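For reference, query_2.txt is printed below; it contains compact mmCIF, N, CA and C atoms.
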# COMPACT_ATOMS: atom_id res chain seq x y z
N MET A 7 -109.00 79.31 -53.75
CA MET A 7 -110.26 78.63 -53.55
C MET A 7 -110.84 78.11 -54.86
N LEU A 8 -110.67 78.89 -55.91
CA LEU A 8 -111.23 78.47 -57.21
C LEU A 8 -110.65 77.16 -57.69
N SER A 9 -109.40 76.91 -57.34
CA SER A 9 -108.76 75.68 -57.79
C SER A 9 -109.36 74.43 -57.16
N GLN A 10 -110.22 74.61 -56.16
CA GLN A 10 -110.84 73.46 -55.48
C GLN A 10 -112.22 73.12 -56.05
N ILE A 11 -112.52 73.57 -57.25
CA ILE A 11 -113.83 73.32 -57.86
C ILE A 11 -114.15 71.84 -57.96
N GLU A 12 -113.16 70.99 -58.18
CA GLU A 12 -113.45 69.56 -58.35
C GLU A 12 -114.01 68.93 -57.08
N ILE A 13 -113.49 69.31 -55.93
CA ILE A 13 -114.05 68.75 -54.69
C ILE A 13 -115.42 69.37 -54.39
N ILE A 14 -115.61 70.62 -54.75
CA ILE A 14 -116.91 71.27 -54.58
C ILE A 14 -117.98 70.50 -55.35
N LYS A 15 -117.62 69.95 -56.49
CA LYS A 15 -118.60 69.23 -57.33
C LYS A 15 -119.09 67.94 -56.69
N PHE A 16 -118.41 67.40 -55.68
CA PHE A 16 -118.94 66.23 -54.98
C PHE A 16 -120.21 66.59 -54.22
N LEU A 17 -120.30 67.84 -53.77
CA LEU A 17 -121.49 68.30 -53.05
C LEU A 17 -122.48 68.98 -54.01
N TYR A 18 -121.93 69.70 -54.98
CA TYR A 18 -122.75 70.45 -55.94
C TYR A 18 -122.33 70.07 -57.36
N PRO A 19 -122.83 68.94 -57.88
CA PRO A 19 -122.36 68.43 -59.18
C PRO A 19 -122.54 69.39 -60.35
N LYS A 20 -123.51 70.27 -60.28
CA LYS A 20 -123.77 71.18 -61.40
C LYS A 20 -123.02 72.50 -61.28
N MET A 21 -122.19 72.65 -60.25
CA MET A 21 -121.48 73.90 -60.04
C MET A 21 -120.45 74.11 -61.15
N THR A 22 -120.52 75.26 -61.79
CA THR A 22 -119.53 75.61 -62.82
C THR A 22 -118.46 76.49 -62.18
N PRO A 23 -117.27 76.53 -62.78
CA PRO A 23 -116.23 77.42 -62.24
C PRO A 23 -116.69 78.88 -62.20
N GLN A 24 -117.44 79.30 -63.20
CA GLN A 24 -117.90 80.69 -63.26
C GLN A 24 -118.88 80.99 -62.11
N ARG A 25 -119.78 80.05 -61.87
CA ARG A 25 -120.76 80.24 -60.79
C ARG A 25 -120.06 80.22 -59.43
N TYR A 26 -119.12 79.30 -59.27
CA TYR A 26 -118.36 79.21 -58.02
C TYR A 26 -117.61 80.52 -57.77
N GLN A 27 -116.96 81.03 -58.79
CA GLN A 27 -116.23 82.29 -58.66
C GLN A 27 -117.19 83.43 -58.30
N SER A 28 -118.33 83.47 -58.95
CA SER A 28 -119.31 84.52 -58.67
C SER A 28 -119.78 84.46 -57.22
N PHE A 29 -120.07 83.25 -56.74
CA PHE A 29 -120.51 83.09 -55.35
C PHE A 29 -119.40 83.49 -54.38
N LEU A 30 -118.19 83.05 -54.65
CA LEU A 30 -117.07 83.40 -53.76
C LEU A 30 -116.88 84.92 -53.68
N LEU A 31 -117.00 85.59 -54.82
CA LEU A 31 -116.85 87.05 -54.83
C LEU A 31 -117.91 87.72 -53.95
N GLU A 32 -119.08 87.11 -53.84
CA GLU A 32 -120.12 87.66 -52.96
C GLU A 32 -119.91 87.25 -51.51
N MET A 33 -119.40 86.03 -51.28
CA MET A 33 -119.28 85.49 -49.94
C MET A 33 -118.06 86.01 -49.17
N LEU A 34 -116.94 86.13 -49.84
CA LEU A 34 -115.69 86.49 -49.16
C LEU A 34 -115.77 87.82 -48.40
N PRO A 35 -116.39 88.85 -48.95
CA PRO A 35 -116.48 90.10 -48.17
C PRO A 35 -117.37 89.98 -46.93
N HIS A 36 -118.10 88.88 -46.82
CA HIS A 36 -119.00 88.69 -45.67
C HIS A 36 -118.45 87.64 -44.70
N ASN A 37 -117.12 87.55 -44.64
CA ASN A 37 -116.45 86.74 -43.62
C ASN A 37 -116.44 85.25 -43.92
N TYR A 38 -116.63 84.85 -45.19
CA TYR A 38 -116.55 83.44 -45.54
C TYR A 38 -115.09 83.04 -45.70
N LYS A 39 -114.74 81.89 -45.13
CA LYS A 39 -113.38 81.35 -45.23
C LYS A 39 -113.48 79.86 -45.53
N GLN A 40 -112.38 79.26 -45.96
CA GLN A 40 -112.32 77.82 -46.18
C GLN A 40 -111.07 77.26 -45.54
N VAL A 41 -111.18 76.01 -45.13
CA VAL A 41 -110.02 75.26 -44.67
C VAL A 41 -110.07 73.93 -45.43
N ALA A 42 -108.90 73.43 -45.83
CA ALA A 42 -108.84 72.21 -46.63
C ALA A 42 -107.73 71.30 -46.14
N ILE A 43 -107.87 70.03 -46.47
CA ILE A 43 -106.85 69.03 -46.19
C ILE A 43 -106.37 68.49 -47.53
N PHE A 44 -105.05 68.42 -47.67
CA PHE A 44 -104.45 67.96 -48.92
C PHE A 44 -103.62 66.71 -48.68
N GLU A 45 -103.58 65.85 -49.69
CA GLU A 45 -102.67 64.71 -49.70
C GLU A 45 -101.98 64.74 -51.06
N ASN A 46 -100.65 64.86 -51.04
CA ASN A 46 -99.88 64.94 -52.28
C ASN A 46 -100.43 66.01 -53.22
N GLU A 47 -100.69 67.18 -52.67
CA GLU A 47 -101.19 68.34 -53.39
C GLU A 47 -102.60 68.18 -53.95
N LYS A 48 -103.31 67.11 -53.58
CA LYS A 48 -104.69 66.89 -53.99
C LYS A 48 -105.60 67.24 -52.81
N CYS A 49 -106.59 68.07 -53.06
CA CYS A 49 -107.54 68.43 -52.01
C CYS A 49 -108.45 67.24 -51.76
N ILE A 50 -108.42 66.72 -50.53
CA ILE A 50 -109.23 65.55 -50.19
C ILE A 50 -110.39 65.90 -49.25
N ALA A 51 -110.38 67.11 -48.72
CA ALA A 51 -111.47 67.54 -47.84
C ALA A 51 -111.46 69.06 -47.76
N LEU A 52 -112.64 69.61 -47.58
CA LEU A 52 -112.76 71.05 -47.54
C LEU A 52 -114.03 71.42 -46.79
N THR A 53 -113.96 72.47 -46.04
CA THR A 53 -115.17 73.07 -45.49
C THR A 53 -115.03 74.57 -45.49
N GLY A 54 -116.14 75.20 -45.76
CA GLY A 54 -116.22 76.64 -45.59
C GLY A 54 -116.74 76.91 -44.19
N PHE A 55 -116.54 78.14 -43.73
CA PHE A 55 -117.11 78.52 -42.45
C PHE A 55 -117.26 80.03 -42.38
N TRP A 56 -118.21 80.42 -41.58
CA TRP A 56 -118.51 81.82 -41.34
C TRP A 56 -118.44 82.07 -39.84
N VAL A 57 -118.05 83.24 -39.45
CA VAL A 57 -118.14 83.66 -38.05
C VAL A 57 -119.17 84.77 -38.03
N GLY A 58 -120.11 84.66 -37.11
CA GLY A 58 -121.14 85.67 -37.01
C GLY A 58 -121.68 85.76 -35.60
N THR A 59 -122.69 86.58 -35.45
CA THR A 59 -123.36 86.75 -34.16
C THR A 59 -124.86 86.77 -34.41
N LYS A 60 -125.58 86.01 -33.62
CA LYS A 60 -127.05 85.99 -33.66
C LYS A 60 -127.56 86.13 -32.24
N LEU A 61 -128.77 86.59 -32.11
CA LEU A 61 -129.35 86.78 -30.78
C LEU A 61 -129.45 85.47 -30.02
N TRP A 62 -129.77 84.37 -30.70
CA TRP A 62 -129.98 83.11 -29.98
C TRP A 62 -128.69 82.40 -29.62
N THR A 63 -127.56 82.77 -30.22
CA THR A 63 -126.30 82.09 -29.93
C THR A 63 -125.21 83.01 -29.41
N GLY A 64 -125.29 84.27 -29.71
CA GLY A 64 -124.12 85.13 -29.53
C GLY A 64 -123.17 84.83 -30.68
N LYS A 65 -121.88 84.94 -30.43
CA LYS A 65 -120.88 84.69 -31.47
C LYS A 65 -120.81 83.19 -31.77
N TYR A 66 -120.77 82.83 -33.03
CA TYR A 66 -120.78 81.42 -33.46
C TYR A 66 -119.93 81.23 -34.71
N ILE A 67 -119.60 79.99 -34.98
CA ILE A 67 -119.04 79.60 -36.28
C ILE A 67 -120.07 78.71 -36.95
N GLU A 68 -120.30 78.97 -38.23
CA GLU A 68 -121.20 78.12 -39.02
C GLU A 68 -120.39 77.37 -40.07
N ILE A 69 -120.47 76.05 -40.01
CA ILE A 69 -119.86 75.21 -41.03
C ILE A 69 -120.72 75.27 -42.28
N ASP A 70 -120.10 75.42 -43.42
CA ASP A 70 -120.82 75.52 -44.68
C ASP A 70 -120.04 74.77 -45.76
N ASN A 71 -120.72 73.95 -46.52
CA ASN A 71 -120.09 73.22 -47.64
C ASN A 71 -119.01 72.25 -47.16
N PHE A 72 -119.39 71.35 -46.30
CA PHE A 72 -118.48 70.36 -45.71
C PHE A 72 -118.36 69.18 -46.67
N ILE A 73 -117.15 68.93 -47.18
CA ILE A 73 -116.96 67.90 -48.22
C ILE A 73 -115.71 67.07 -47.92
N VAL A 74 -115.86 65.76 -47.94
CA VAL A 74 -114.72 64.85 -47.91
C VAL A 74 -114.80 64.01 -49.18
N HIS A 75 -113.71 63.95 -49.92
CA HIS A 75 -113.65 63.16 -51.15
C HIS A 75 -114.12 61.74 -50.83
N PRO A 76 -114.99 61.16 -51.66
CA PRO A 76 -115.53 59.83 -51.36
C PRO A 76 -114.48 58.75 -51.09
N GLU A 77 -113.34 58.82 -51.73
CA GLU A 77 -112.29 57.82 -51.51
C GLU A 77 -111.62 57.95 -50.15
N TYR A 78 -111.86 59.05 -49.45
CA TYR A 78 -111.19 59.31 -48.17
C TYR A 78 -112.15 59.32 -46.99
N ARG A 79 -113.40 58.96 -47.23
CA ARG A 79 -114.38 58.96 -46.15
C ARG A 79 -114.13 57.79 -45.20
N GLN A 80 -114.56 57.98 -43.96
CA GLN A 80 -114.41 57.00 -42.89
C GLN A 80 -112.94 56.70 -42.57
N LYS A 81 -112.10 57.72 -42.73
CA LYS A 81 -110.68 57.60 -42.40
C LYS A 81 -110.23 58.67 -41.42
N GLY A 82 -111.20 59.34 -40.79
CA GLY A 82 -110.87 60.36 -39.80
C GLY A 82 -110.63 61.75 -40.38
N ILE A 83 -110.75 61.91 -41.69
CA ILE A 83 -110.49 63.21 -42.33
C ILE A 83 -111.56 64.23 -41.92
N GLY A 84 -112.82 63.81 -41.94
CA GLY A 84 -113.89 64.71 -41.54
C GLY A 84 -113.74 65.17 -40.10
N GLN A 85 -113.33 64.27 -39.24
CA GLN A 85 -113.13 64.64 -37.84
C GLN A 85 -112.00 65.66 -37.71
N GLN A 86 -110.98 65.55 -38.54
CA GLN A 86 -109.92 66.56 -38.50
C GLN A 86 -110.49 67.95 -38.80
N LEU A 87 -111.40 68.00 -39.76
CA LEU A 87 -112.02 69.30 -40.09
C LEU A 87 -112.89 69.81 -38.95
N THR A 88 -113.74 68.94 -38.38
CA THR A 88 -114.61 69.40 -37.28
C THR A 88 -113.79 69.77 -36.05
N ASP A 89 -112.71 69.04 -35.80
CA ASP A 89 -111.82 69.40 -34.68
C ASP A 89 -111.19 70.77 -34.90
N PHE A 90 -110.76 71.04 -36.13
CA PHE A 90 -110.18 72.35 -36.45
C PHE A 90 -111.20 73.46 -36.20
N ILE A 91 -112.42 73.24 -36.69
CA ILE A 91 -113.47 74.26 -36.52
C ILE A 91 -113.78 74.47 -35.04
N ALA A 92 -113.84 73.40 -34.26
CA ALA A 92 -114.11 73.54 -32.82
C ALA A 92 -112.99 74.33 -32.13
N LYS A 93 -111.74 74.06 -32.49
CA LYS A 93 -110.62 74.82 -31.90
C LYS A 93 -110.69 76.28 -32.31
N LYS A 94 -111.04 76.53 -33.57
CA LYS A 94 -111.18 77.90 -34.06
C LYS A 94 -112.29 78.61 -33.29
N ALA A 95 -113.39 77.92 -33.04
CA ALA A 95 -114.50 78.50 -32.28
C ALA A 95 -114.06 78.88 -30.88
N THR A 96 -113.27 78.00 -30.26
CA THR A 96 -112.76 78.28 -28.91
C THR A 96 -111.83 79.49 -28.95
N GLN A 97 -110.91 79.53 -29.92
CA GLN A 97 -109.98 80.67 -30.04
C GLN A 97 -110.72 81.99 -30.21
N LEU A 98 -111.82 81.94 -30.97
CA LEU A 98 -112.58 83.16 -31.25
C LEU A 98 -113.65 83.45 -30.20
N GLN A 99 -113.68 82.65 -29.15
CA GLN A 99 -114.63 82.80 -28.05
C GLN A 99 -116.08 82.72 -28.53
N CYS A 100 -116.33 81.75 -29.41
CA CYS A 100 -117.69 81.50 -29.89
C CYS A 100 -118.43 80.63 -28.87
N THR A 101 -119.74 80.75 -28.87
CA THR A 101 -120.55 79.94 -27.97
C THR A 101 -120.85 78.57 -28.56
N CYS A 102 -120.83 78.44 -29.90
CA CYS A 102 -121.19 77.17 -30.51
C CYS A 102 -120.74 77.12 -31.97
N VAL A 103 -120.83 75.92 -32.52
CA VAL A 103 -120.64 75.67 -33.94
C VAL A 103 -121.99 75.21 -34.46
N VAL A 104 -122.45 75.81 -35.55
CA VAL A 104 -123.74 75.45 -36.14
C VAL A 104 -123.53 75.00 -37.58
N LEU A 105 -124.50 74.24 -38.09
CA LEU A 105 -124.43 73.80 -39.49
C LEU A 105 -125.80 73.36 -39.95
N ASP A 106 -125.96 73.29 -41.25
CA ASP A 106 -127.15 72.72 -41.87
C ASP A 106 -126.71 71.46 -42.60
N ALA A 107 -127.57 70.45 -42.62
CA ALA A 107 -127.35 69.24 -43.41
C ALA A 107 -128.66 68.95 -44.14
N PHE A 108 -128.55 68.61 -45.40
CA PHE A 108 -129.76 68.29 -46.17
C PHE A 108 -130.54 67.19 -45.47
N THR A 109 -131.86 67.28 -45.49
CA THR A 109 -132.70 66.36 -44.74
C THR A 109 -132.51 64.91 -45.14
N GLY A 110 -132.20 64.63 -46.39
CA GLY A 110 -132.04 63.25 -46.84
C GLY A 110 -130.62 62.72 -46.75
N ASN A 111 -129.69 63.51 -46.26
CA ASN A 111 -128.29 63.11 -46.21
C ASN A 111 -128.01 62.40 -44.87
N PHE A 112 -128.49 61.16 -44.77
CA PHE A 112 -128.43 60.43 -43.51
C PHE A 112 -127.00 60.10 -43.09
N SER A 113 -126.11 59.89 -44.05
CA SER A 113 -124.72 59.61 -43.67
C SER A 113 -124.09 60.85 -43.02
N ALA A 114 -124.45 62.03 -43.50
CA ALA A 114 -123.96 63.26 -42.87
C ALA A 114 -124.55 63.41 -41.47
N HIS A 115 -125.83 63.09 -41.34
CA HIS A 115 -126.46 63.18 -40.01
C HIS A 115 -125.72 62.29 -39.01
N ARG A 116 -125.47 61.06 -39.42
CA ARG A 116 -124.77 60.11 -38.55
C ARG A 116 -123.38 60.65 -38.19
N PHE A 117 -122.67 61.18 -39.18
CA PHE A 117 -121.35 61.74 -38.93
C PHE A 117 -121.43 62.86 -37.89
N TYR A 118 -122.34 63.79 -38.08
CA TYR A 118 -122.43 64.93 -37.16
C TYR A 118 -122.86 64.50 -35.76
N TYR A 119 -123.79 63.56 -35.67
CA TYR A 119 -124.14 63.01 -34.35
C TYR A 119 -122.90 62.44 -33.67
N ASN A 120 -122.10 61.68 -34.42
CA ASN A 120 -120.88 61.07 -33.87
C ASN A 120 -119.84 62.11 -33.46
N GLN A 121 -119.93 63.31 -34.01
CA GLN A 121 -119.02 64.39 -33.65
C GLN A 121 -119.55 65.24 -32.51
N GLY A 122 -120.72 64.88 -31.97
CA GLY A 122 -121.28 65.60 -30.83
C GLY A 122 -122.29 66.68 -31.18
N TYR A 123 -122.65 66.80 -32.44
CA TYR A 123 -123.65 67.79 -32.84
C TYR A 123 -125.04 67.22 -32.59
N GLN A 124 -125.97 68.12 -32.28
CA GLN A 124 -127.35 67.72 -32.03
C GLN A 124 -128.28 68.67 -32.76
N PRO A 125 -129.39 68.15 -33.31
CA PRO A 125 -130.34 69.07 -33.94
C PRO A 125 -130.99 69.96 -32.88
N ARG A 126 -131.12 71.21 -33.20
CA ARG A 126 -131.69 72.17 -32.25
C ARG A 126 -132.98 72.78 -32.78
N GLY A 127 -133.24 72.58 -34.07
CA GLY A 127 -134.43 73.16 -34.67
C GLY A 127 -134.51 72.77 -36.13
N PHE A 128 -135.36 73.43 -36.86
CA PHE A 128 -135.50 73.21 -38.29
C PHE A 128 -135.02 74.44 -39.04
N HIS A 129 -134.42 74.21 -40.17
CA HIS A 129 -134.03 75.31 -41.05
C HIS A 129 -135.05 75.34 -42.18
N PHE A 130 -135.95 76.32 -42.16
CA PHE A 130 -136.99 76.43 -43.16
C PHE A 130 -136.53 77.33 -44.30
N ILE A 131 -136.93 76.99 -45.51
CA ILE A 131 -136.67 77.87 -46.64
C ILE A 131 -137.95 78.02 -47.45
N LYS A 132 -138.06 79.13 -48.12
CA LYS A 132 -139.12 79.36 -49.10
C LYS A 132 -138.41 79.66 -50.41
N THR A 133 -138.52 78.76 -51.35
CA THR A 133 -137.82 78.90 -52.62
C THR A 133 -138.47 79.99 -53.46
N ILE A 134 -137.66 80.94 -53.87
CA ILE A 134 -138.11 82.03 -54.73
C ILE A 134 -137.71 81.75 -56.18
N ASP A 135 -136.49 81.22 -56.37
CA ASP A 135 -135.98 80.94 -57.73
C ASP A 135 -135.32 79.57 -57.72
N GLU A 136 -136.03 78.58 -58.21
CA GLU A 136 -135.51 77.20 -58.26
C GLU A 136 -134.23 77.12 -59.06
N ASN A 137 -134.04 77.98 -60.05
CA ASN A 137 -132.82 77.97 -60.88
C ASN A 137 -131.60 78.47 -60.13
N GLY A 138 -131.82 79.12 -59.00
CA GLY A 138 -130.72 79.64 -58.22
C GLY A 138 -129.98 78.57 -57.43
N PHE A 139 -130.56 77.38 -57.32
CA PHE A 139 -129.94 76.30 -56.57
C PHE A 139 -128.97 75.54 -57.45
N SER A 140 -127.88 75.08 -56.85
CA SER A 140 -126.88 74.30 -57.60
C SER A 140 -127.28 72.85 -57.66
If you convert what's in this file into structure tokens, what do you get?
Amino acid sequence: MLSQIEIIKFLYPKMTPQRYQSFLLEMLPHNYKQVAIFENEKCIALTGFWVGTKLWTGKYIEIDNFIVHPEYRQKGIGQQLTDFIAKKATQLQCTCVVLDAFTGNFSAHRFYYNQGYQPRGFHFIKTIDENGFS
């Protein structure tokens, strides 16, 4: 996973390898996984995902850190990732796939709408440490 830092930087430009490693060390024991698509040994798309259970959904998969290299966008690569996640959700008997998208990321919103996702609510945050964000 650490070797994919360059694609991670498309979503989080300030992410350092040390910070990425630190986060992964915290996330992996809590059921975080990644799936990636490669072309000629170059990572062109990646998404993380979590499997969990919440009262409002039951068992679910949450997409996290969904990234397609800018040179490969609008070529069906993102759909390959969402299709994989949907199949994984079915295999694991999840009730749904959930995700967050930044409010100003309109191209992501359009993509997710086109993949059949619908907004169901708001994700509120209260920032405690602004320096903690990438």
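Every protein or nucleic acid residue with an atom no more than 5 Å from range 73-76 of chain A, counting all atoms listed in the file and leaving out same-chain residues fewer than 6 positions away, appears here: Ile50, Ala51, Leu52 and Thr53 of chain A.
Residues within 8 Å of range 54-60 of chain A, counting only N, CA and C atoms and excluding same-chain residues fewer than 2 positions away, are His36, Asn37, Tyr38, Lys39, Gln40, Val41, Ala42, Ala51, Leu52, Trp62, Thr63, Gly64, Lys65, Tyr66, Ile67, Glu68, Ile69, Asp70, Asn71, Phe72 and Ile73 of chain A.
Of the listed residues A:Tyr26, A:Leu105, A:Met21, A:Tyr78, the one whose atoms come nearest to Leu8 in chain A is A:Tyr26, with distances taken using all atoms listed in the file.
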Find the spatial neighbours of range 118-133 of chain A, counting only C-alpha atoms, within a cut-off of 8 Å - ignore same-chain residues fewer than 2 positions away - and output them as an MDAnalysis selection string. chainID A and resid 85 88 106 114:116 135:136
Take the residues just selected and output them with N, CA and C atoms as a short mmCIF file (atom, residue, chain, number, x, y, z; two decimals), in the frame of the given file.
data_model
loop_
_atom_site.label_atom_id
_atom_site.label_comp_id
_atom_site.auth_asym_id
_atom_site.auth_seq_id
_atom_site.Cartn_x
_atom_site.Cartn_y
_atom_site.Cartn_z
N GLN A 85 -113.33 64.27 -39.24
CA GLN A 85 -113.13 64.64 -37.84
C GLN A 85 -112.00 65.66 -37.71
N THR A 88 -113.74 68.94 -38.38
CA THR A 88 -114.61 69.40 -37.28
C THR A 88 -113.79 69.77 -36.05
N ASP A 106 -125.96 73.29 -41.25
CA ASP A 106 -127.15 72.72 -41.87
C ASP A 106 -126.71 71.46 -42.60
N ALA A 114 -124.45 62.03 -43.50
CA ALA A 114 -123.96 63.26 -42.87
C ALA A 114 -124.55 63.41 -41.47
N HIS A 115 -125.83 63.09 -41.34
CA HIS A 115 -126.46 63.18 -40.01
C HIS A 115 -125.72 62.29 -39.01
N ARG A 116 -125.47 61.06 -39.42
CA ARG A 116 -124.77 60.11 -38.55
C ARG A 116 -123.38 60.65 -38.19
N ASP A 135 -136.49 81.22 -56.37
CA ASP A 135 -135.98 80.94 -57.73
C ASP A 135 -135.32 79.57 -57.72
N GLU A 136 -136.03 78.58 -58.21
CA GLU A 136 -135.51 77.20 -58.26
C GLU A 136 -134.23 77.12 -59.06
#
Just list the residues in chain A DSSP gives strand (DSSP E) on the backbone, as a VMD selection string. chain A and resid 38 to 45 48 to 60 64 to 74 102 to 105
How big is the axis-aligned box around the listed atoms of range 81-85 of chain A once 5 Å is added on each side, and where is its centre? Give both in Å to one decimal, as AutoDock Vina command-line options.
--center_x -112.1 --center_y 61.6 --center_z -40.2 --size_x 13.7 --size_y 18.1 --size_z 15.0
Can you list, as a PyMOL selection string, all residues belonging to range 14-126 of chain A that DSSP tags as helix (DSSP H, G or I)? chain A and resi 14-17+23-36+76-78+83-97+112-120
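A straight line drawn from atom C of Phe44 in chain A to atom N of Ile83 in chain A is 11.1 Å long.
As for atom N of Val103 in chain A and atom C of Pro35 in chain A, they are spaced 20.4 Å apart.
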Please measure the separation of CA of Ala92 in chain A and atom C of Phe108 in chain A, giving the value in Å to one decimal. 21.7 Å
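Minimum atom-to-atom distance to Glu47 in chain A, evaluated using only C-alpha atoms, belongs to A:Ser9 out of A:Thr101, A:Gln80, A:Gln24, A:Ser9.
Among the candidates A:Ile134, A:Met7, A:Ile13, A:Ile91, the residue lying nearest to Gln27 in chain A is A:Met7 (atoms considered: only C-alpha atoms).
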